[in-house]
>>> print(open('query.cif').read())   # mmCIF, C-alpha atoms
data_query
loop_
_atom_site.label_atom_id
_atom_site.label_comp_id
_atom_site.auth_asym_id
_atom_site.auth_seq_id
_atom_site.Cartn_x
_atom_site.Cartn_y
_atom_site.Cartn_z
CA MET C 1 26.00 19.65 -0.30
CA GLN C 2 23.78 16.75 0.70
CA SER C 3 20.63 18.88 0.36
CA ASP C 4 21.79 20.00 -3.11
CA ALA C 5 22.24 16.39 -4.16
CA GLN C 6 18.80 15.53 -2.75
CA SER C 7 17.10 18.36 -4.63
CA GLY C 8 19.03 17.38 -7.76
CA VAL C 9 17.58 13.87 -7.63
CA LEU C 10 14.08 15.24 -7.05
CA ARG C 11 14.43 17.44 -10.14
CA GLN C 12 15.45 14.43 -12.22
CA ILE C 13 12.38 12.40 -11.25
CA PRO C 14 9.97 12.55 -14.22
CA ARG C 15 6.93 14.82 -14.02
CA ASN C 16 4.60 11.83 -14.50
CA VAL C 17 5.83 10.33 -11.22
CA TRP C 18 5.02 13.55 -9.35
CA VAL C 19 1.55 13.61 -10.90
CA LEU C 20 0.92 9.96 -10.01
CA GLY C 21 2.03 10.69 -6.46
CA CYS C 22 -0.39 13.60 -6.18
CA VAL C 23 -3.18 11.44 -7.64
CA SER C 24 -2.46 8.81 -4.97
CA LEU C 25 -2.43 11.51 -2.28
CA LEU C 26 -5.85 12.85 -3.28
CA MET C 27 -7.44 9.41 -3.54
CA ASP C 28 -5.99 8.36 -0.18
CA VAL C 29 -7.44 11.48 1.46
CA SER C 30 -10.81 10.55 -0.02
CA SER C 31 -10.61 6.89 0.99
CA GLU C 32 -9.20 7.41 4.49
CA ILE C 33 -11.88 9.93 5.45
CA ILE C 34 -14.36 7.11 4.86
CA HIS C 35 -12.32 4.17 6.14
CA SER C 36 -11.47 5.89 9.42
CA LEU C 37 -15.18 6.44 10.13
CA LEU C 38 -16.78 3.40 8.47
CA PRO C 39 -16.56 0.90 11.37
CA MET C 40 -18.24 3.40 13.72
CA PHE C 41 -20.85 4.28 11.08
CA LEU C 42 -21.68 0.61 10.51
CA MET C 43 -22.05 -0.07 14.20
CA ALA C 44 -23.71 3.16 15.38
CA SER C 45 -25.92 3.99 12.37
CA LEU C 46 -26.62 0.63 10.71
CA GLY C 47 -26.43 -1.72 13.71
CA ALA C 48 -23.67 -3.97 12.36
CA SER C 49 -21.89 -6.35 14.73
CA ALA C 50 -18.10 -6.56 15.09
CA VAL C 51 -18.15 -9.91 13.27
CA THR C 52 -20.03 -8.34 10.36
CA ILE C 53 -17.57 -5.46 10.18
CA GLY C 54 -14.64 -7.89 10.16
CA LEU C 55 -16.26 -9.98 7.42
CA ILE C 56 -16.90 -6.89 5.26
CA GLU C 57 -13.28 -5.78 5.58
CA GLY C 58 -11.95 -9.28 4.92
CA ILE C 59 -13.97 -9.68 1.73
CA ALA C 60 -13.04 -6.19 0.53
CA GLU C 61 -9.31 -6.57 1.15
CA ALA C 62 -9.20 -10.00 -0.55
CA ILE C 63 -10.62 -8.59 -3.80
CA ALA C 64 -7.95 -6.01 -4.68
CA PRO C 65 -4.91 -8.33 -5.04
CA ILE C 66 -6.87 -10.73 -7.24
CA VAL C 67 -7.97 -7.95 -9.59
CA LYS C 68 -4.38 -6.60 -9.74
CA VAL C 69 -3.19 -9.67 -11.64
CA PHE C 70 -5.75 -9.21 -14.40
CA SER C 71 -5.32 -5.44 -14.68
CA GLY C 72 -1.52 -5.71 -14.79
CA THR C 73 -1.68 -8.40 -17.44
CA LEU C 74 -4.20 -6.40 -19.49
CA SER C 75 -2.01 -3.30 -19.34
CA ASP C 76 0.89 -5.32 -20.76
CA TYR C 77 -1.25 -6.74 -23.56
CA LEU C 78 -2.80 -3.39 -24.54
CA GLY C 79 0.48 -1.51 -24.13
CA ASN C 80 -1.43 1.13 -22.18
CA ARG C 81 -1.24 1.84 -18.45
CA LYS C 82 -2.91 5.24 -18.10
CA TRP C 83 -6.49 4.49 -19.03
CA LEU C 84 -6.68 1.35 -16.91
CA ALA C 85 -5.42 3.46 -14.01
CA VAL C 86 -8.05 6.11 -14.82
CA ALA C 87 -10.74 3.41 -14.79
CA GLY C 88 -9.53 2.15 -11.41
CA TYR C 89 -9.40 5.59 -9.81
CA GLY C 90 -12.75 6.39 -11.41
CA LEU C 91 -14.40 3.38 -9.77
CA GLY C 92 -12.89 4.41 -6.46
CA ALA C 93 -14.35 7.91 -6.81
CA LEU C 94 -17.77 6.63 -7.92
CA SER C 95 -18.01 4.36 -4.88
CA LYS C 96 -17.83 7.26 -2.41
CA PRO C 97 -21.41 8.61 -2.85
CA LEU C 98 -22.76 5.12 -2.13
CA PHE C 99 -21.36 5.32 1.40
CA ALA C 100 -23.10 8.67 1.89
CA VAL C 101 -26.55 7.43 0.83
CA ALA C 102 -26.31 3.82 2.10
CA PRO C 103 -29.54 2.87 3.94
CA THR C 104 -28.43 -0.72 4.60
CA ILE C 105 -25.32 -2.78 5.27
CA GLY C 106 -25.73 -4.36 1.83
CA ILE C 107 -25.17 -1.02 0.08
CA VAL C 108 -22.04 -0.44 2.17
CA VAL C 109 -20.75 -3.88 1.14
CA THR C 110 -21.42 -3.02 -2.51
CA ALA C 111 -19.57 0.28 -2.16
CA ARG C 112 -16.57 -1.40 -0.47
CA ILE C 113 -16.37 -4.03 -3.22
CA ILE C 114 -16.51 -1.38 -5.98
CA ASP C 115 -13.83 0.64 -4.16
CA ARG C 116 -11.52 -2.38 -3.80
CA VAL C 117 -12.06 -3.47 -7.42
CA GLY C 118 -11.02 0.04 -8.41
CA LYS C 119 -7.91 -0.23 -6.24
CA GLY C 120 -7.09 -3.57 -7.82
CA ILE C 121 -7.49 -2.22 -11.35
CA ARG C 122 -5.25 0.81 -10.83
CA GLY C 123 -2.45 -0.64 -8.69
CA ALA C 124 -0.34 -2.70 -11.10
CA PRO C 125 -0.69 -0.39 -14.17
CA ARG C 126 0.23 2.62 -12.01
CA ASP C 127 3.36 0.96 -10.61
CA ALA C 128 4.33 -0.30 -14.05
CA LEU C 129 3.87 3.23 -15.42
CA VAL C 130 6.25 4.59 -12.76
CA ALA C 131 8.85 2.03 -13.87
CA ASP C 132 8.22 2.78 -17.57
CA VAL C 133 8.86 6.52 -17.29
CA THR C 134 11.76 6.42 -14.80
CA PRO C 135 15.42 5.69 -15.68
CA PRO C 136 16.71 2.57 -13.85
CA HIS C 137 19.11 4.56 -11.65
CA LEU C 138 16.23 6.66 -10.26
CA ARG C 139 13.55 4.01 -9.75
CA GLY C 140 14.09 3.62 -6.01
CA ALA C 141 13.73 7.37 -5.52
CA ALA C 142 10.69 7.48 -7.81
CA PHE C 143 8.84 4.68 -6.01
CA GLY C 144 9.80 6.20 -2.66
CA LEU C 145 8.48 9.61 -3.71
CA ARG C 146 5.18 8.20 -4.94
CA GLN C 147 4.81 6.20 -1.73
CA SER C 148 5.59 9.27 0.40
CA LEU C 149 2.92 11.34 -1.35
CA ASP C 150 0.45 8.46 -1.09
CA THR C 151 1.11 8.16 2.65
CA ILE C 152 0.65 11.90 3.22
CA GLY C 153 -2.90 11.32 2.01
CA ALA C 154 -3.20 8.35 4.39
CA PHE C 155 -2.68 10.56 7.45
CA LEU C 156 -4.43 13.70 6.13
CA GLY C 157 -7.64 11.70 5.57
CA PRO C 158 -8.18 10.66 9.22
CA LEU C 159 -7.22 14.15 10.42
CA LEU C 160 -9.82 15.71 8.12
CA ALA C 161 -12.36 13.13 9.31
CA VAL C 162 -11.78 14.17 12.92
CA VAL C 163 -12.19 17.85 12.00
CA ILE C 164 -15.39 17.21 10.01
CA MET C 165 -16.92 15.18 12.83
CA LEU C 166 -16.07 17.85 15.42
CA VAL C 167 -17.33 20.77 13.34
CA TRP C 168 -20.53 19.11 12.09
CA ALA C 169 -21.51 17.16 15.22
CA ASP C 170 -20.68 13.59 14.19
CA ASN C 171 -22.41 13.82 10.80
CA PHE C 172 -21.11 10.65 9.13
CA ARG C 173 -22.99 11.12 5.88
CA LEU C 174 -21.75 14.68 5.36
CA ALA C 175 -18.18 13.45 5.91
CA PHE C 176 -18.74 10.80 3.23
CA TRP C 177 -20.10 13.39 0.80
CA LEU C 178 -17.09 15.65 1.38
CA ALA C 179 -14.82 12.67 0.68
CA VAL C 180 -16.15 12.62 -2.90
CA ILE C 181 -14.34 15.90 -3.71
CA PRO C 182 -10.68 14.77 -3.48
CA GLY C 183 -11.63 11.51 -5.23
CA LEU C 184 -12.96 13.38 -8.26
CA LEU C 185 -9.92 15.68 -8.24
CA ALA C 186 -7.66 12.61 -8.37
CA VAL C 187 -9.42 11.27 -11.46
CA ALA C 188 -9.28 14.64 -13.21
CA LEU C 189 -5.59 15.09 -12.46
CA LEU C 190 -4.74 11.64 -13.79
CA THR C 191 -6.86 12.12 -16.92
CA PHE C 192 -5.40 15.47 -17.93
CA GLY C 193 -2.02 15.48 -16.20
CA ILE C 194 -0.39 12.23 -17.42
CA GLU C 195 1.05 11.48 -20.84
CA GLU C 196 1.32 7.80 -21.72
CA PRO C 197 4.81 6.94 -23.04
CA ALA C 198 4.79 6.08 -26.74
CA ARG C 199 5.25 2.40 -27.59
CA GLU C 200 8.43 1.44 -29.35
CA PRO C 201 8.05 1.53 -33.16
CA GLY C 202 7.19 -1.91 -34.48
CA ALA C 203 6.59 -3.33 -31.00
CA LYS C 204 4.30 -6.34 -31.10
CA ARG C 205 1.63 -7.17 -28.58
CA VAL C 206 2.68 -9.90 -26.19
CA ASN C 207 0.16 -12.23 -24.58
CA PRO C 208 1.33 -12.14 -20.94
CA ILE C 209 -0.63 -15.22 -19.87
CA ARG C 210 1.11 -17.57 -22.29
CA TRP C 211 3.58 -19.96 -20.70
CA ASP C 212 6.54 -18.63 -22.68
CA SER C 213 5.70 -15.10 -21.45
CA VAL C 214 5.54 -16.27 -17.84
CA LYS C 215 8.93 -17.97 -18.28
CA ARG C 216 10.38 -14.67 -19.49
CA LEU C 217 9.81 -13.21 -16.02
CA GLY C 218 12.85 -15.22 -14.98
CA GLY C 219 14.29 -16.69 -11.82
CA HIS C 220 15.36 -13.36 -10.32
CA TYR C 221 11.82 -12.05 -10.46
CA TRP C 222 10.31 -15.17 -8.88
CA TRP C 223 12.94 -14.99 -6.13
CA VAL C 224 11.70 -11.48 -5.33
CA VAL C 225 8.11 -12.78 -5.28
CA VAL C 226 9.02 -15.58 -2.84
CA VAL C 227 10.89 -13.16 -0.56
CA GLY C 228 7.92 -10.77 -0.67
CA GLY C 229 5.53 -13.60 0.19
CA VAL C 230 7.52 -14.73 3.23
CA PHE C 231 7.95 -11.10 4.28
CA ALA C 232 4.16 -10.67 4.11
CA LEU C 233 3.78 -13.31 6.85
CA ALA C 234 5.43 -10.82 9.21
CA ARG C 235 3.26 -7.94 7.98
CA PHE C 236 -0.19 -8.67 9.37
CA SER C 237 -2.98 -6.09 9.25
CA GLU C 238 -2.32 -2.72 10.85
CA ALA C 239 -5.66 -3.14 12.61
CA PHE C 240 -3.67 -4.96 15.30
CA LEU C 241 -1.74 -1.74 15.97
CA VAL C 242 -5.07 -0.05 16.65
CA LEU C 243 -6.12 -2.89 18.97
CA ARG C 244 -2.83 -2.57 20.84
CA ALA C 245 -3.39 1.17 21.26
CA MET C 246 -6.91 0.56 22.60
CA GLY C 247 -5.48 -1.54 25.40
CA SER C 248 -2.77 0.94 26.37
CA GLY C 249 -4.79 3.68 28.00
CA VAL C 250 -5.31 5.88 24.92
CA PRO C 251 -8.81 7.43 24.92
CA ILE C 252 -11.02 5.79 22.29
CA ALA C 253 -11.57 9.09 20.48
CA LEU C 254 -7.81 9.48 19.99
CA VAL C 255 -7.01 5.92 18.89
CA PRO C 256 -7.16 6.80 15.14
CA LEU C 257 -4.34 9.30 15.73
CA VAL C 258 -2.04 6.34 16.38
CA MET C 259 -2.35 5.45 12.70
CA VAL C 260 -1.73 9.08 11.82
CA ALA C 261 1.55 8.88 13.74
CA MET C 262 2.56 5.72 11.88
CA ASN C 263 1.81 7.27 8.51
CA VAL C 264 3.73 10.46 9.33
CA VAL C 265 6.87 8.39 9.97
CA TYR C 266 6.14 6.33 6.86
CA ALA C 267 5.71 9.42 4.67
CA LEU C 268 8.89 11.08 5.96
CA SER C 269 11.05 7.98 5.50
CA ALA C 270 9.75 6.50 2.21
CA TYR C 271 11.54 8.87 -0.17
CA PRO C 272 14.97 8.94 1.55
CA PHE C 273 15.07 5.15 1.76
CA GLY C 274 13.72 4.79 -1.78
CA LYS C 275 16.57 7.00 -2.96
CA LEU C 276 19.00 4.89 -0.91
CA ALA C 277 17.76 1.78 -2.74
CA ASP C 278 19.27 3.19 -5.94
CA THR C 279 22.79 3.00 -4.48
CA MET C 280 22.71 0.42 -1.66
CA ASN C 281 22.74 -3.38 -1.78
CA TYR C 282 19.12 -4.59 -1.78
CA THR C 283 19.75 -7.45 0.65
CA LYS C 284 21.39 -5.23 3.26
CA LEU C 285 18.66 -2.59 3.05
CA LEU C 286 15.85 -5.15 3.26
CA ILE C 287 17.48 -6.89 6.22
CA ALA C 288 17.82 -3.50 7.94
CA GLY C 289 14.09 -2.94 7.42
CA LEU C 290 13.32 -6.39 8.85
CA VAL C 291 15.46 -5.65 11.92
CA VAL C 292 13.45 -2.46 12.48
CA LEU C 293 10.23 -4.48 12.21
CA ILE C 294 11.56 -6.98 14.77
CA ALA C 295 12.27 -4.05 17.11
CA SER C 296 8.72 -2.77 16.53
CA ASP C 297 7.22 -6.19 17.32
CA VAL C 298 9.24 -6.53 20.53
CA VAL C 299 8.25 -3.04 21.69
CA LEU C 300 4.57 -3.63 20.88
CA ALA C 301 4.63 -7.00 22.64
CA HIS C 302 5.42 -5.08 25.83
CA GLY C 303 3.22 -2.09 24.99
CA THR C 304 1.18 -1.74 28.17
CA HIS C 305 1.44 2.07 28.15
CA TRP C 306 0.50 4.41 25.32
CA SER C 307 4.00 5.92 25.16
CA ILE C 308 5.54 2.49 24.52
CA VAL C 309 2.91 1.72 21.90
CA LEU C 310 3.69 5.01 20.18
CA VAL C 311 7.37 4.03 19.92
CA GLY C 312 6.43 0.64 18.45
CA VAL C 313 4.02 2.22 15.97
CA GLY C 314 6.71 4.71 14.91
CA LEU C 315 9.16 1.85 14.28
CA TRP C 316 6.46 0.06 12.25
CA GLY C 317 6.08 3.15 10.07
CA LEU C 318 9.85 3.37 9.66
CA HIS C 319 10.07 -0.23 8.47
CA MET C 320 7.32 0.52 5.93
CA GLY C 321 9.30 3.47 4.61
CA MET C 322 12.45 1.33 4.36
CA THR C 323 10.89 -1.63 2.55
CA GLN C 324 7.80 -0.74 0.50
CA GLY C 325 9.51 1.34 -2.19
CA LEU C 326 12.42 -1.11 -2.16
CA MET C 327 10.19 -4.10 -2.96
CA ALA C 328 8.56 -2.20 -5.84
CA THR C 329 12.00 -1.24 -7.16
CA MET C 330 13.11 -4.88 -7.04
CA VAL C 331 10.07 -5.98 -9.04
CA ALA C 332 10.67 -3.23 -11.62
CA HIS C 333 14.35 -4.15 -12.04
CA THR C 334 13.80 -7.90 -12.42
CA ALA C 335 10.81 -7.89 -14.82
CA PRO C 336 11.05 -7.34 -18.60
CA ALA C 337 9.57 -3.98 -19.66
CA GLN C 338 6.78 -5.63 -21.70
CA LEU C 339 5.66 -7.69 -18.68
CA ARG C 340 5.93 -5.18 -15.83
CA GLY C 341 2.18 -4.92 -15.30
CA THR C 342 1.90 -8.71 -15.05
CA ALA C 343 4.92 -8.80 -12.73
CA PHE C 344 3.42 -6.26 -10.31
CA GLY C 345 0.09 -8.08 -10.50
CA PHE C 346 1.53 -11.47 -9.49
CA PHE C 347 3.66 -9.89 -6.77
CA ASN C 348 0.71 -7.98 -5.28
CA LEU C 349 -1.54 -11.04 -5.49
CA LEU C 350 0.79 -13.26 -3.49
CA SER C 351 1.60 -10.53 -0.98
CA GLY C 352 -2.09 -9.72 -0.50
CA VAL C 353 -3.16 -13.33 -0.03
CA VAL C 354 -0.33 -14.04 2.41
CA THR C 355 -1.10 -10.85 4.37
CA LEU C 356 -4.70 -12.06 4.71
CA VAL C 357 -3.43 -15.44 5.99
CA SER C 358 -0.99 -13.78 8.39
CA SER C 359 -3.77 -11.57 9.75
CA VAL C 360 -5.92 -14.64 10.44
CA ILE C 361 -2.97 -16.24 12.25
CA ALA C 362 -2.34 -13.03 14.18
CA GLY C 363 -6.00 -12.84 15.22
CA GLY C 364 -6.01 -16.46 16.38
CA LEU C 365 -2.89 -15.93 18.47
CA TRP C 366 -4.34 -12.72 19.92
CA ASP C 367 -7.56 -14.45 21.03
CA ARG C 368 -5.89 -17.57 22.44
CA LEU C 369 -2.53 -16.43 23.78
CA GLY C 370 -2.69 -12.66 23.98
CA ALA C 371 -1.29 -9.64 22.13
CA ASP C 372 2.34 -10.38 22.98
CA ALA C 373 2.14 -13.74 21.17
CA THR C 374 0.93 -12.01 18.00
CA PHE C 375 3.85 -9.60 17.87
CA TYR C 376 6.43 -12.24 18.82
CA ALA C 377 5.12 -14.38 15.95
CA GLY C 378 5.61 -11.41 13.63
CA ALA C 379 9.21 -11.10 14.82
CA GLY C 380 9.71 -14.81 14.20
CA PHE C 381 8.54 -14.49 10.59
CA CYS C 382 10.99 -11.58 10.19
CA VAL C 383 13.82 -13.88 11.29
CA LEU C 384 12.62 -16.47 8.76
CA THR C 385 12.69 -13.84 5.98
CA ILE C 386 16.23 -12.80 6.95
CA ALA C 387 17.33 -16.44 6.82
CA LEU C 388 15.82 -16.77 3.34
CA LEU C 389 17.62 -13.62 2.17
CA LEU C 390 20.96 -14.87 3.46
CA SER C 391 20.46 -18.28 1.81
CA GLY C 392 20.00 -16.89 -1.70
CA ARG C 393 21.25 -14.11 -3.91
CA MET C 394 19.11 -11.02 -4.16
CA PRO C 395 19.19 -9.53 -7.68
CA GLN C 396 20.69 -6.06 -8.01
CA PRO C 397 19.76 -3.32 -10.51
CA ALA C 398 19.84 -4.45 -14.12
CA VAL C 399 20.29 -1.28 -16.17
CA GLY C 400 18.18 -1.15 -19.32
CA ARG C 401 15.57 -3.66 -18.27
#
>>> encode(input="query.cif", output="structure tokens")
Amino acid sequence: MQSDAQSGVLRQIPRNVWVLGCVSLLMDVSSEIIHSLLPMFLMASLGASAVTIGLIEGIAEAIAPIVKVFSGTLSDYLGNRKWLAVAGYGLGALSKPLFAVAPTIGIVVTARIIDRVGKGIRGAPRDALVADVTPPHLRGAAFGLRQSLDTIGAFLGPLLAVVIMLVWADNFRLAFWLAVIPGLLAVALLTFGIEEPAREPGAKRVNPIRWDSVKRLGGHYWWVVVVGGVFALARFSEAFLVLRAMGSGVPIALVPLVMVAMNVVYALSAYPFGKLADTMNYTKLLIAGLVVLIASDVVLAHGTHWSIVLVGVGLWGLHMGMTQGLMATMVAHTAPAQLRGTAFGFFNLLSGVVTLVSSVIAGGLWDRLGADATFYAGAGFCVLTIALLLSGRMPQPAVGR
């Protein structure tokens, strides 16, 4: 009976959501083939230092959340999500050949910036489009499904990278060329496979950056943004999971498979917990996810053996599956339909900036006090987020918004 109910919900999820999920899967395969090999390529082929690699990644990751605000706002003003998303995925696909031909570090930096600008452009319009086409009672399941498909791409990419490198004798540039193929397929699928919902007859364009438009987002929405920002303090970069694995006895060649393990758990859990968000109290579900993250931090703080690290990484992936679709659902339910792109843009901006700050804090603690201090600090920020949740009232689904 439970499996029948599950399949019934999946059948009710709009076709556009499935297509967007498959687009995300293909682009993640393309991106992760490159990202899983890029640090080694920079160091081994172009002579970059670890500091240079860190600076490149820091600059690249800071760009996307800033761009998301503008793309989300523009999608609200134009009343069109699809073609902004196509532009974003298109930039991501066009950046891939630059990695393959890059003769210098400067070209790699250019390619990373183009790729992250593309990610910033597509993120908020895509999430707003999911909310636009999905009935309120199915939004948790829809966001969970899209996230699951996206995460399947996140672990298929590194696996394909390992296979390519083994078969073609560590040919970085060939791997980068092959990564172009799924990127182009993603753009084609989005272009021809998605139908933009028609605007309501007589609907007027709203300028999302006017003060009265910002006020329309309302207190419930801004409460979600604040909770997401505090939560992001506990969610530092997953690069620290890789560093923990490196110090646990895992052979260097197999370290990327730790992230594959995390993404497998993430992919398997995102849809069931997204579906649960449609029926369960948001506060309780989010607190449960935070408790799982605390457990992950405690395990990783003591992760001196690879088997312990693997348990901690699995718990980290589980917390991602429990919370990522939930946070997107909360934004969708608390923002007016005409301002959803702007709402996702502001939310992603704050979360991205805070994650960058938390990663700097985590790195400082790691260098000065050791790995255990980093993960205990993450657990402490989880406790702070739980306290914030218990001190306020988390908004619940508002049907028809």
>>> resolve_selection(input="query.cif", expression="the PyMOL selection byres ((chain C and resi 327-336) around 10)", output="ChimeraX atom specification")
/C:127-128,130-132,136-144,213,216-225,227-228,274,277-278,282,286,322-326,337-344,347-348,394-401
>>> write_last_selection(input="query.cif", atoms="C-alpha atoms", output="mmCIF file, in the coordinates of the input")
data_model
loop_
_atom_site.group_PDB
_atom_site.id
_atom_site.type_symbol
_atom_site.label_atom_id
_atom_site.label_comp_id
_atom_site.auth_asym_id
_atom_site.auth_seq_id
_atom_site.Cartn_x
_atom_site.Cartn_y
_atom_site.Cartn_z
ATOM 1 C CA ASP C 127 3.360 0.960 -10.610
ATOM 2 C CA ALA C 128 4.330 -0.300 -14.050
ATOM 3 C CA VAL C 130 6.250 4.590 -12.760
ATOM 4 C CA ALA C 131 8.850 2.030 -13.870
ATOM 5 C CA ASP C 132 8.220 2.780 -17.570
ATOM 6 C CA PRO C 136 16.710 2.570 -13.850
ATOM 7 C CA HIS C 137 19.110 4.560 -11.650
ATOM 8 C CA LEU C 138 16.230 6.660 -10.260
ATOM 9 C CA ARG C 139 13.550 4.010 -9.750
ATOM 10 C CA GLY C 140 14.090 3.620 -6.010
ATOM 11 C CA ALA C 141 13.730 7.370 -5.520
ATOM 12 C CA ALA C 142 10.690 7.480 -7.810
ATOM 13 C CA PHE C 143 8.840 4.680 -6.010
ATOM 14 C CA GLY C 144 9.800 6.200 -2.660
ATOM 15 C CA SER C 213 5.700 -15.100 -21.450
ATOM 16 C CA ARG C 216 10.380 -14.670 -19.490
ATOM 17 C CA LEU C 217 9.810 -13.210 -16.020
ATOM 18 C CA GLY C 218 12.850 -15.220 -14.980
ATOM 19 C CA GLY C 219 14.290 -16.690 -11.820
ATOM 20 C CA HIS C 220 15.360 -13.360 -10.320
ATOM 21 C CA TYR C 221 11.820 -12.050 -10.460
ATOM 22 C CA TRP C 222 10.310 -15.170 -8.880
ATOM 23 C CA TRP C 223 12.940 -14.990 -6.130
ATOM 24 C CA VAL C 224 11.700 -11.480 -5.330
ATOM 25 C CA VAL C 225 8.110 -12.780 -5.280
ATOM 26 C CA VAL C 227 10.890 -13.160 -0.560
ATOM 27 C CA GLY C 228 7.920 -10.770 -0.670
ATOM 28 C CA GLY C 274 13.720 4.790 -1.780
ATOM 29 C CA ALA C 277 17.760 1.780 -2.740
ATOM 30 C CA ASP C 278 19.270 3.190 -5.940
ATOM 31 C CA TYR C 282 19.120 -4.590 -1.780
ATOM 32 C CA LEU C 286 15.850 -5.150 3.260
ATOM 33 C CA MET C 322 12.450 1.330 4.360
ATOM 34 C CA THR C 323 10.890 -1.630 2.550
ATOM 35 C CA GLN C 324 7.800 -0.740 0.500
ATOM 36 C CA GLY C 325 9.510 1.340 -2.190
ATOM 37 C CA LEU C 326 12.420 -1.110 -2.160
ATOM 38 C CA ALA C 337 9.570 -3.980 -19.660
ATOM 39 C CA GLN C 338 6.780 -5.630 -21.700
ATOM 40 C CA LEU C 339 5.660 -7.690 -18.680
ATOM 41 C CA ARG C 340 5.930 -5.180 -15.830
ATOM 42 C CA GLY C 341 2.180 -4.920 -15.300
ATOM 43 C CA THR C 342 1.900 -8.710 -15.050
ATOM 44 C CA ALA C 343 4.920 -8.800 -12.730
ATOM 45 C CA PHE C 344 3.420 -6.260 -10.310
ATOM 46 C CA PHE C 347 3.660 -9.890 -6.770
ATOM 47 C CA ASN C 348 0.710 -7.980 -5.280
ATOM 48 C CA MET C 394 19.110 -11.020 -4.160
ATOM 49 C CA PRO C 395 19.190 -9.530 -7.680
ATOM 50 C CA GLN C 396 20.690 -6.060 -8.010
ATOM 51 C CA PRO C 397 19.760 -3.320 -10.510
ATOM 52 C CA ALA C 398 19.840 -4.450 -14.120
ATOM 53 C CA VAL C 399 20.290 -1.280 -16.170
ATOM 54 C CA GLY C 400 18.180 -1.150 -19.320
ATOM 55 C CA ARG C 401 15.570 -3.660 -18.270
#
>>> resolve_selection(input="query.cif", expression="the PyMOL selection byres ((chain C and resi 62-70) around 9)", output="VMD selection string")
chain C and resid 57 to 61 71 to 75 113 115 to 125 341 to 353 356
>>> residues_near_point(input="query.cif", point="(-2.2, -4.8, 22.5)", cutoff="12 Å", atoms="all atoms listed in the file", output="short mmCIF file (atom, residue, chain, number, x, y, z; two decimals) with C-alpha atoms, in the coordinates of the input")
data_model
loop_
_atom_site.label_atom_id
_atom_site.label_comp_id
_atom_site.auth_asym_id
_atom_site.auth_seq_id
_atom_site.Cartn_x
_atom_site.Cartn_y
_atom_site.Cartn_z
CA GLU C 238 -2.32 -2.72 10.85
CA ALA C 239 -5.66 -3.14 12.61
CA PHE C 240 -3.67 -4.96 15.30
CA LEU C 241 -1.74 -1.74 15.97
CA VAL C 242 -5.07 -0.05 16.65
CA LEU C 243 -6.12 -2.89 18.97
CA ARG C 244 -2.83 -2.57 20.84
CA ALA C 245 -3.39 1.17 21.26
CA MET C 246 -6.91 0.56 22.60
CA GLY C 247 -5.48 -1.54 25.40
CA SER C 248 -2.77 0.94 26.37
CA GLY C 249 -4.79 3.68 28.00
CA VAL C 250 -5.31 5.88 24.92
CA ASP C 297 7.22 -6.19 17.32
CA VAL C 298 9.24 -6.53 20.53
CA VAL C 299 8.25 -3.04 21.69
CA LEU C 300 4.57 -3.63 20.88
CA ALA C 301 4.63 -7.00 22.64
CA HIS C 302 5.42 -5.08 25.83
CA GLY C 303 3.22 -2.09 24.99
CA THR C 304 1.18 -1.74 28.17
CA HIS C 305 1.44 2.07 28.15
CA TRP C 306 0.50 4.41 25.32
CA ILE C 308 5.54 2.49 24.52
CA VAL C 309 2.91 1.72 21.90
CA LEU C 310 3.69 5.01 20.18
CA GLY C 312 6.43 0.64 18.45
CA VAL C 313 4.02 2.22 15.97
CA ALA C 362 -2.34 -13.03 14.18
CA GLY C 363 -6.00 -12.84 15.22
CA LEU C 365 -2.89 -15.93 18.47
CA TRP C 366 -4.34 -12.72 19.92
CA ASP C 367 -7.56 -14.45 21.03
CA LEU C 369 -2.53 -16.43 23.78
CA GLY C 370 -2.69 -12.66 23.98
CA ALA C 371 -1.29 -9.64 22.13
CA ASP C 372 2.34 -10.38 22.98
CA ALA C 373 2.14 -13.74 21.17
CA THR C 374 0.93 -12.01 18.00
CA PHE C 375 3.85 -9.60 17.87
CA TYR C 376 6.43 -12.24 18.82
#
>>> closest_residue(input="query.cif", among="C:Met280, C:Val180, C:Leu94, C:Val265", to="C:Ala111", atoms="only C-alpha atoms")
C:Leu94
>>> closest_residue(input="query.cif", among="C:Ala161, C:Val226, C:Val357, C:Leu149", to="C:Leu268", atoms="all atoms listed in the file")
C:Leu149
>>> atom_distance(input="query.cif", atom1="atom CA of C:Gly157", atom2="atom CA of C:Glu32")
4.7 Å
>>> atom_distance(input="query.cif", atom1="atom CA of C:Leu185", atom2="atom CA of C:Ser148")
18.9 Å
>>> atom_distance(input="query.cif", atom1="atom CA of C:Lys96", atom2="atom CA of C:Val264")
24.8 Å
>>> resolve_selection(input="query.cif", expression="the PyMOL selection byres ((chain C and resi 287) around 10)", output="PyMOL selection string")
chain C and resi 282-286+288-293+322-323+382-383+385-387+389-390
>>> closest_residue(input="query.cif", among="C:Ala179, C:Leu315, C:Leu91, C:Val133", to="C:Leu160", atoms="all atoms listed in the file")
C:Ala179
>>> closest_residue(input="query.cif", among="C:Val230, C:Ala154, C:Ala175, C:Leu98", to="C:Thr110", atoms="all atoms listed in the file")
C:Leu98
>>> closest_residue(input="query.cif", among="C:Val101, C:Ile194, C:Val109, C:Val86", to="C:Val19", atoms="all atoms listed in the file")
C:Ile194
>>> residues_around(input="query.cif", residues="C:Ser358", least_positions_apart="6", cutoff="9 Å", atoms="all atoms listed in the file", output="ChimeraX atom specification")
/C:232-237,378
>>> residues_around(input="query.cif", residues="C:Leu184", least_positions_apart="4", cutoff="8 Å", atoms="only C-alpha atoms", output="list in words")
Gly90, Ala93, Val180 and Ala188 of chain C
